[in-house]
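**Student:** Following this line is upload.txt, made up of compact mmCIF, C-alpha atoms:
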# COMPACT_ATOMS: atom_id res chain seq x y z
CA MET A 1 -20.60 124.56 7.30
CA ALA A 2 -21.61 124.68 10.94
CA ILE A 3 -21.03 120.96 11.52
CA GLN A 4 -17.46 120.24 12.55
CA ILE A 5 -15.88 116.94 11.78
CA PRO A 6 -15.37 114.89 14.96
CA THR A 7 -11.87 113.65 15.73
CA ARG A 8 -12.99 110.07 15.30
CA LEU A 9 -14.14 110.68 11.74
CA LEU A 10 -11.05 112.70 10.90
CA ASP A 11 -8.98 109.73 12.07
CA GLY A 12 -11.10 107.47 9.92
CA ALA A 13 -10.74 109.74 6.91
CA VAL A 14 -6.95 109.89 7.23
CA LEU A 15 -6.76 106.11 7.56
CA SER A 16 -9.02 105.71 4.59
CA PHE A 17 -6.83 107.92 2.39
CA LEU A 18 -3.89 105.73 3.33
CA LYS A 19 -5.69 102.50 2.64
CA ASP A 20 -4.82 102.28 -1.03
CA GLU A 21 -1.48 104.05 -1.09
CA ASP A 22 1.16 105.38 1.25
CA LEU A 23 1.25 109.15 1.20
CA TYR A 24 3.66 111.87 2.34
CA GLY A 25 2.57 114.75 4.54
CA TYR A 26 1.78 117.34 1.93
CA ALA A 27 -0.10 114.99 -0.38
CA LEU A 28 -2.11 113.62 2.51
CA THR A 29 -2.94 117.13 3.72
CA GLN A 30 -4.09 118.06 0.23
CA LYS A 31 -6.33 115.00 0.08
CA VAL A 32 -7.89 115.62 3.46
CA GLN A 33 -8.39 119.29 2.65
CA GLY A 34 -9.94 118.34 -0.65
CA THR A 35 -12.83 116.91 1.30
CA PHE A 36 -12.80 118.60 4.68
CA ASP A 37 -12.40 122.21 5.57
CA ILE A 38 -9.61 121.98 8.13
CA SER A 39 -6.39 123.91 8.65
CA GLU A 40 -2.89 122.59 7.93
CA SER A 41 -1.78 122.57 11.53
CA THR A 42 -4.56 120.11 12.33
CA ILE A 43 -3.09 117.27 10.30
CA TYR A 44 0.16 116.78 12.17
CA PRO A 45 -1.44 116.18 15.58
CA VAL A 46 -3.75 113.63 13.97
CA LEU A 47 -0.88 111.78 12.30
CA ARG A 48 1.18 111.91 15.46
CA ARG A 49 -1.60 110.45 17.55
CA LEU A 50 -2.37 107.72 15.05
CA LYS A 51 1.29 106.80 14.84
CA LYS A 52 1.73 106.83 18.59
CA ASN A 53 -1.16 104.42 18.98
CA GLY A 54 0.25 102.09 16.37
CA TYR A 55 -2.29 102.69 13.63
CA LEU A 56 0.35 104.10 11.30
CA THR A 57 4.02 103.63 10.62
CA THR A 58 6.33 105.88 8.67
CA TYR A 59 9.28 105.38 6.38
CA ASP A 60 11.50 107.84 4.58
CA GLN A 61 12.16 107.88 0.86
CA PRO A 62 14.70 110.10 -0.88
CA TYR A 63 13.24 112.76 -3.09
CA GLN A 64 15.26 115.48 -4.84
CA GLY A 65 18.11 115.31 -2.39
CA ARG A 66 15.93 115.27 0.69
CA ASN A 67 13.61 112.82 2.38
CA ARG A 68 9.91 112.47 2.16
CA ARG A 69 8.22 110.75 5.06
CA TYR A 70 5.55 108.36 3.95
CA TYR A 71 2.71 107.25 6.17
CA GLN A 72 1.60 103.66 5.99
CA LEU A 73 -1.40 101.89 7.46
CA THR A 74 -0.71 99.06 9.91
CA GLU A 75 -2.83 96.02 10.61
CA THR A 76 -4.34 97.68 13.68
CA GLY A 77 -4.91 100.78 11.59
CA LEU A 78 -6.87 98.71 9.15
CA THR A 79 -8.94 97.30 12.00
CA LEU A 80 -9.61 100.77 13.32
CA LEU A 81 -10.64 101.94 9.88
CA ALA A 82 -13.14 99.09 9.63
CA ALA A 83 -14.49 99.97 13.07
CA VAL A 84 -14.90 103.67 12.24
CA GLN A 85 -16.56 102.77 8.94
CA LYS A 86 -19.04 100.55 10.74
CA GLU A 87 -19.75 103.21 13.37
CA TRP A 88 -20.27 105.84 10.72
CA LEU A 89 -22.57 103.65 8.65
CA ASN A 90 -24.64 102.95 11.70
CA PHE A 91 -24.73 106.59 12.76
CA SER A 92 -25.39 108.05 9.32
CA THR A 93 -28.25 105.64 8.73
CA LYS A 94 -29.92 106.95 11.86
CA VAL A 95 -29.31 110.58 10.99
CA ASN A 96 -30.60 109.97 7.48
CA GLN A 97 -33.76 108.52 8.89
CA ILE A 98 -34.42 111.79 10.67
CA LEU A 99 -32.79 114.43 8.52
CA GLY A 100 -32.45 112.61 5.22
CA GLU A 101 -34.11 113.31 1.93
CA LYS A 102 -37.39 111.61 2.58
CA ASN A 103 -38.19 113.79 5.56
CA GLY A 104 -36.60 116.93 4.23
CA THR A 105 -38.62 117.23 1.02
CA ASN A 106 -42.11 116.12 1.90
CA ASN A 107 -43.48 119.45 3.04
CA MET B 108 13.37 129.84 -1.54
CA GLU B 109 14.76 127.07 0.60
CA GLN B 110 16.47 129.63 2.75
CA ILE B 111 13.16 131.25 3.59
CA ILE B 112 11.73 127.90 4.63
CA ASN B 113 14.82 127.07 6.67
CA ASP B 114 14.63 130.40 8.45
CA TYR B 115 10.99 129.83 9.28
CA ILE B 116 11.62 126.31 10.58
CA LEU B 117 14.59 127.52 12.60
CA GLU B 118 12.41 130.11 14.27
CA VAL B 119 9.82 127.48 15.07
CA GLU B 120 12.57 125.32 16.55
CA GLU B 121 13.72 128.12 18.83
CA ASN B 122 10.28 128.06 20.40
CA LEU B 123 10.13 124.30 20.86
CA SER B 124 12.84 123.86 23.47
CA SER B 125 10.41 122.22 25.87
CA LEU B 126 9.84 119.24 23.55
CA PRO B 127 12.04 116.12 23.62
CA LEU B 128 14.61 116.18 20.82
CA GLY B 129 13.10 113.30 18.86
CA ASP B 130 9.61 114.78 18.86
CA ARG B 131 11.00 118.17 17.99
CA ASN B 132 12.86 116.87 14.95
CA ASP B 133 9.84 114.89 13.79
CA VAL B 134 7.50 117.82 13.85
CA LEU B 135 10.02 120.21 12.31
CA GLU B 136 10.74 117.76 9.51
CA PHE B 137 7.03 117.42 8.87
CA TYR B 138 6.58 121.13 8.41
CA ARG B 139 9.80 121.60 6.46
CA GLU B 140 8.69 118.89 4.07
CA PHE B 141 5.22 120.38 3.93
CA LEU B 142 6.55 123.80 2.95
CA LEU B 143 8.98 122.38 0.38
CA ASP B 144 6.34 120.17 -1.21
CA GLY B 145 3.81 122.96 -1.17
CA ASP B 146 6.19 125.29 -2.99
CA PHE B 147 5.88 128.15 -0.57
CA HIS B 148 7.95 130.96 -2.00
CA ASN B 149 7.76 133.71 0.52
CA ARG B 150 7.37 134.36 4.17
CA ALA B 151 3.94 135.92 3.84
CA ALA B 152 2.56 132.83 2.11
CA ILE B 153 4.04 130.58 4.79
CA GLU B 154 2.63 132.64 7.61
CA LYS B 155 -0.74 132.80 5.95
CA GLU B 156 -0.76 129.03 5.85
CA LEU B 157 0.79 128.10 9.20
CA GLY B 158 0.86 131.31 11.21
CA THR B 159 3.98 132.96 12.61
CA PRO B 160 6.71 130.60 13.88
CA GLN B 161 5.75 131.43 17.42
CA GLN B 162 2.07 130.72 16.83
CA LEU B 163 2.83 127.40 15.20
CA ALA B 164 5.27 126.46 17.96
CA ARG B 165 2.75 127.22 20.66
CA LYS B 166 0.12 125.11 18.97
CA ILE B 167 2.59 122.26 18.69
CA VAL B 168 3.64 122.49 22.33
CA ALA B 169 0.06 122.71 23.54
CA ASP B 170 -0.83 119.63 21.52
CA TYR B 171 1.95 117.72 23.29
CA VAL B 172 1.14 119.00 26.75
CA ILE B 173 -2.56 118.33 26.46
CA ASN B 174 -2.53 115.04 24.60
CA ASP B 175 0.60 113.32 25.86
CA GLN B 176 -0.43 113.38 29.46
CA PRO B 177 -1.99 110.55 31.39
CA GLU B 178 -5.63 109.88 30.74
CA THR B 179 -6.14 106.63 32.56
CA GLU B 180 -6.53 106.29 36.28
CA ALA B 181 -3.30 104.41 36.74
CA THR B 182 -1.26 107.18 35.23
CA ASP B 183 -3.28 109.81 37.00
CA ARG B 184 -1.78 108.56 40.17
CA ALA B 185 1.65 108.96 38.67
CA GLU B 186 0.72 112.51 37.96
CA ASP B 187 -0.23 113.11 41.57
CA THR B 188 3.35 112.48 42.54
CA ALA B 189 4.60 115.06 40.08
CA SER B 190 6.07 118.01 41.89
CA SER B 191 4.03 121.16 42.27
CA SER B 192 6.35 123.14 40.07
CA GLN B 193 6.03 120.57 37.28
CA SER B 194 2.27 120.87 37.48
CA LEU B 195 2.40 124.65 37.46
CA HIS B 196 4.71 124.46 34.48
CA THR B 197 2.20 122.25 32.68
CA ILE B 198 -0.58 124.73 33.40
CA TRP B 199 1.52 127.54 32.06
CA ARG B 200 2.31 125.74 28.81
CA ILE B 201 -1.32 124.87 28.26
CA PHE B 202 -2.21 128.48 28.83
CA VAL B 203 0.38 129.72 26.35
CA GLY B 204 -0.76 127.10 23.87
CA ILE B 205 -4.36 128.17 24.14
CA CYS B 206 -3.28 131.76 23.64
CA ALA B 207 -1.86 130.75 20.26
CA ILE B 208 -5.23 129.59 19.07
CA PRO B 209 -7.47 132.26 17.69
CA THR B 210 -10.30 132.70 20.15
CA GLY B 211 -12.75 135.49 20.59
CA ILE B 212 -11.87 138.30 22.96
CA ILE B 213 -14.49 137.19 25.46
CA ILE B 214 -13.15 133.65 25.58
CA GLY B 215 -9.63 135.02 25.85
CA ILE B 216 -10.50 137.21 28.80
CA THR B 217 -12.49 134.47 30.49
CA LEU B 218 -9.64 132.01 30.11
CA THR B 219 -7.07 134.46 31.36
CA ALA B 220 -9.31 135.10 34.34
CA ILE B 221 -9.71 131.39 35.04
CA PHE B 222 -5.99 130.72 34.84
CA LEU B 223 -5.17 133.79 36.89
CA GLY B 224 -7.77 132.70 39.43
CA LEU B 225 -6.29 129.21 39.62
CA PHE B 226 -2.84 130.64 40.08
CA CYS B 227 -3.91 133.10 42.76
CA ALA B 228 -5.88 130.44 44.62
CA PHE B 229 -2.89 128.16 44.60
CA LEU B 230 -0.58 130.94 45.74
CA GLY B 231 -3.03 131.93 48.48
CA ILE B 232 -3.22 128.38 49.80
CA LEU B 233 0.55 128.10 49.62
CA VAL B 234 1.05 131.29 51.63
CA GLY B 235 -1.61 130.21 54.11
CA PHE B 236 0.08 126.86 54.67
CA ILE B 237 3.50 128.42 55.04
CA GLY B 238 2.03 130.81 57.57
CA LEU B 239 0.49 127.94 59.51
CA ALA B 240 3.72 125.94 59.54
CA LEU B 241 5.80 128.97 60.54
CA GLY B 242 3.30 129.87 63.28
CA LEU B 243 3.48 126.38 64.74
CA LEU B 244 7.25 126.34 64.51
CA VAL B 245 7.66 129.69 66.22
CA GLY B 246 4.98 128.84 68.81
CA GLY B 247 6.69 125.55 69.64
CA VAL B 248 10.15 127.07 69.97
CA VAL B 249 8.87 129.96 72.09
CA GLY B 250 7.03 127.49 74.34
CA ILE B 251 10.17 125.45 74.86
CA VAL B 252 12.29 128.53 75.54
CA ILE B 253 9.78 129.85 78.10
CA GLY B 254 9.54 126.41 79.69
CA LEU B 255 13.33 126.10 79.99
CA ASN B 256 13.58 129.60 81.47
CA LEU B 257 10.93 128.74 84.05
CA LEU B 258 12.71 125.48 84.89
CA VAL B 259 15.95 127.37 85.38
CA ALA B 260 14.02 129.68 87.71
CA SER B 261 12.81 126.50 89.52
CA SER B 262 9.11 127.00 88.69
CA TRP B 263 8.66 123.30 88.03
CA ALA B 264 4.99 122.98 87.20
CA PRO B 265 4.57 125.88 84.77
CA GLY B 266 8.03 125.14 83.38
CA PHE B 267 7.13 121.57 82.49
CA PHE B 268 3.78 122.74 81.18
CA TYR B 269 5.36 125.19 78.71
CA LEU B 270 8.07 122.72 77.76
CA GLY B 271 5.48 120.00 77.09
CA ALA B 272 3.18 122.34 75.19
CA GLY B 273 6.10 123.57 73.10
CA LEU B 274 7.15 120.02 72.24
CA ILE B 275 3.61 119.05 71.31
CA VAL B 276 3.22 122.07 69.02
CA LEU B 277 6.61 121.37 67.42
CA SER B 278 5.73 117.75 66.75
CA ILE B 279 2.40 118.79 65.25
CA CYS B 280 4.41 121.12 63.03
CA LEU B 281 6.67 118.24 61.97
CA PHE B 282 3.67 116.06 61.19
CA ILE B 283 1.88 118.77 59.32
CA VAL B 284 4.68 119.84 56.98
CA PRO B 285 4.75 116.65 54.90
CA ALA B 286 0.95 116.67 54.85
CA ILE B 287 1.03 120.23 53.56
CA ILE B 288 3.52 119.30 50.86
CA GLN B 289 1.32 116.37 49.81
CA THR B 290 -1.76 118.56 49.74
CA LEU B 291 -0.06 121.22 47.67
CA ARG B 292 1.20 118.61 45.26
CA PHE B 293 -2.26 117.15 44.99
CA LEU B 294 -3.82 120.55 44.44
CA ALA B 295 -1.28 121.49 41.79
CA ALA B 296 -1.83 118.19 40.00
CA LYS B 297 -5.58 118.67 40.09
CA CYS B 298 -5.20 122.20 38.76
CA ALA B 299 -3.04 120.85 35.94
CA GLN B 300 -5.65 118.23 35.19
CA PHE B 301 -8.31 120.88 35.09
CA ALA B 302 -6.22 123.07 32.80
CA ARG B 303 -5.70 120.12 30.52
CA PHE B 304 -9.40 119.35 30.51
CA LEU B 305 -10.09 122.96 29.66
CA GLY B 306 -7.41 122.89 27.01
CA ARG B 307 -8.90 119.80 25.40
CA LYS B 308 -12.33 121.38 25.30
CA ILE B 309 -11.01 124.50 23.68
CA PHE B 310 -8.78 122.59 21.33
CA LYS B 311 -11.64 120.51 20.10
CA LYS B 312 -13.49 123.66 19.22
CA ARG B 313 -10.65 125.84 18.06
CA TYR B 314 -7.65 123.77 17.17
CA TYR B 315 -9.55 122.03 14.49
CA GLN B 316 -10.43 125.36 13.06
CA THR B 317 -11.40 125.36 9.44
CA LYS B 318 -9.54 126.99 6.62
CA THR B 319 -12.40 129.35 5.94
CA ASP B 320 -12.50 130.30 9.62
CA LYS B 321 -8.89 131.28 9.40
CA GLU B 322 -9.26 133.26 6.24
CA ALA B 323 -12.21 135.12 7.68
CA LYS B 324 -10.02 136.33 10.54
For this file, produce the structure as structure tokens.

**Tutor:**
Amino acid sequence: MAIQIPTRLLDGAVLSFLKDEDLYGYALTQKVQGTFDISESTIYPVLRRLKKNGYLTTYDQPYQGRNRRYYQLTETGLTLLAAVQKEWLNFSTKVNQILGEKNGTNN
Amino acid sequence: MEQIINDYILEVEENLSSLPLGDRNDVLEFYREFLLDGDFHNRAAIEKELGTPQQLARKIVADYVINDQPETEATDRAEDTASSSQSLHTIWRIFVGICAIPTGIIIGITLTAIFLGLFCAFLGILVGFIGLALGLLVGGVVGIVIGLNLLVASSWAPGFFYLGAGLIVLSICLFIVPAIIQTLRFLAAKCAQFARFLGRKIFKKRYYQTKTDKEAK
């Protein structure tokens, strides 16, 4: 696919995966990669930035004699998610008007 | 199996010495956990996923250098007071980081040329300024020496003229040195900013490379 996912939407996607449940790094990466075609080393910088800006927090939970770090959405993260969702809805509506089904199939 | 992962992480760590300890541990733990959870059994599988330890480390460092630096105006000013060597160091790390990202040969050559150009320009200006300062210093001292000699020989007017000229040139030299240092600092900071800007551009395009991109390589 020639269209690359913008950072803003990747942020939104990560936040959205964390909305319902807290996830650890590998599981989150799997989820993101299930939808988007991005490499593993992309996820950490995204998580780091979101955490640094207070949209995420982390906590450790023991698992098989080691720790798993879980990522959890904060209140501000939730606000950001809502904002990105709104932006995307707005944007995608416009793109659909131009490139969407109605225009694409009527010739 | 765990030993293979530990070895890999250890090698990444060796290449992360420029990161603060806390950040270093965080990122290493993330990847250790990732590899354990992902059940990576051998070195080849790990490197296929994350690249060689050095490649991964460079990406990590570049991410820190490019994204953890001031973006607002207020902190830009703080950056202007960073020493020239700090700025040059930043430029270098960005360059190394970019090198770790797969780019085409053309882009690679262009980037190397740009960074080399920046470095040479900076070095040229530095040498030029040092030459100017040294010239003024030597000129001033010589003027004073000639003036004193003439005074000793009782040629009052030319003696005072040379002495005065020498003192003026010396004081100009004293004024100019701090200005030069400021200018160099400013230039280095601007170069670092430019490198970071360039880095961000390239990262946006390449860092967020897709899985299929990588496999096609």

**Student:** If we count only C-alpha atoms, what is near Cys298 in chain B at a cut-off of 10 Å, once residues fewer than 3 positions away on the same chain are taken out, given as a PyMOL selection string?

**Tutor:** chain B and resi 191+194-195+197-198+222+225-226+229+292-295+301-304

**Student:** Between A:Phe36, A:Phe17, A:Tyr63, A:Tyr44, which one has atoms that come closest to Leu81 in chain A, using all atoms listed in the file?

**Tutor:**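 Closest to Leu81 in chain A of all the choices is A:Phe17.
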
**Student:** Given all atoms listed in the file as the basis, pick out the residue of A:Glu87, A:Glu75, A:Glu40, A:Asp20 nearest to Glu156 in chain B.

**Tutor:** A:Glu40

**Student:** Which residue, B:Gly242, B:Gln289, B:Asn174, B:Asp146, has the smallest gap to Arg49 in chain A when you use only C-alpha atoms?

**Tutor:**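 For Arg49 in chain A, the nearest of the candidates is B:Asn174.
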
**Student:** Using only the atoms of range 292-296 of chain B listed in the file, plus 6 Å on each side, state the axis-aligned box centre and edge lengths in Å rounded to one decimal, as AutoDock Vina command-line options.

**Tutor:**
--center_x -1.3 --center_y 119.3 --center_z 42.6 --size_x 17.0 --size_y 16.3 --size_z 17.3

**Student:** Compute the chain A side of the contact with chain B at 10 Å, counting only C-alpha atoms, and hand it back as an NGL selection string.

**Tutor:** :A and (1 or 4-7 or 24-27 or 29-30 or 33 or 36-45 or 48-49 or 52 or 66-69)

**Student:** Record the distance separating CA of Gly254 in chain B and CA of Leu281 in chain B, expressed in Å with one decimal.

**Tutor:**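 Between these atoms lies a distance of 19.7 Å.
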
**Student:** Mind listing as a PyMOL selection string all residues within 12 Å of (-11.5, 103.0, 10.5), counting only C-alpha atoms?

**Tutor:** chain A and resi 7-19+50+55-56+73-89

**Student:** Using only C-alpha atoms, which protein or nucleic acid residues come within 12 Å of Ile283 in chain B? Drop anything in the same chain fewer than 2 positions from it, and give the result as a list in words.

**Tutor:**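 So, after excluding close chain neighbours, the residues are Phe236, Ile237, Leu239, Ala240, Leu241, Gly242, Leu243, Leu244, Val276, Leu277, Ser278, Ile279, Cys280, Leu281, Pro285, Ala286, Ile287, Ile288, Gln289 and Thr290 of chain B.
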
**Student:** Smallest atom-to-atom distance to Ser125 in chain B: which of B:Val168, B:Ile111, B:Ala152, B:Ala260, using only C-alpha atoms?

**Tutor:**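 Going through B:Val168, B:Ile111, B:Ala152, B:Ala260 one by one, the smallest distance to Ser125 in chain B is for B:Val168.
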
**Student:** Could you state the separation of CA of Gly250 in chain B and CA of Phe282 in chain B in Å, given to one decimal place?

**Tutor:**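 Between these atoms lies a distance of 17.7 Å.
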
**Student:** Out of A:Gly34, A:Gln72, A:Gly100, A:Pro62, which residue has the shortest atom-to-atom distance to Leu47 in chain A when counting all atoms listed in the file?

**Tutor:** A:Gln72

**Student:** Record the distance separating CA of His148 in chain B and CA of Asp60 in chain A, expressed in Å with one decimal.

**Tutor:**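 Calculated distance between CA of His148 in chain B and CA of Asp60 in chain A is 24.3 Å.
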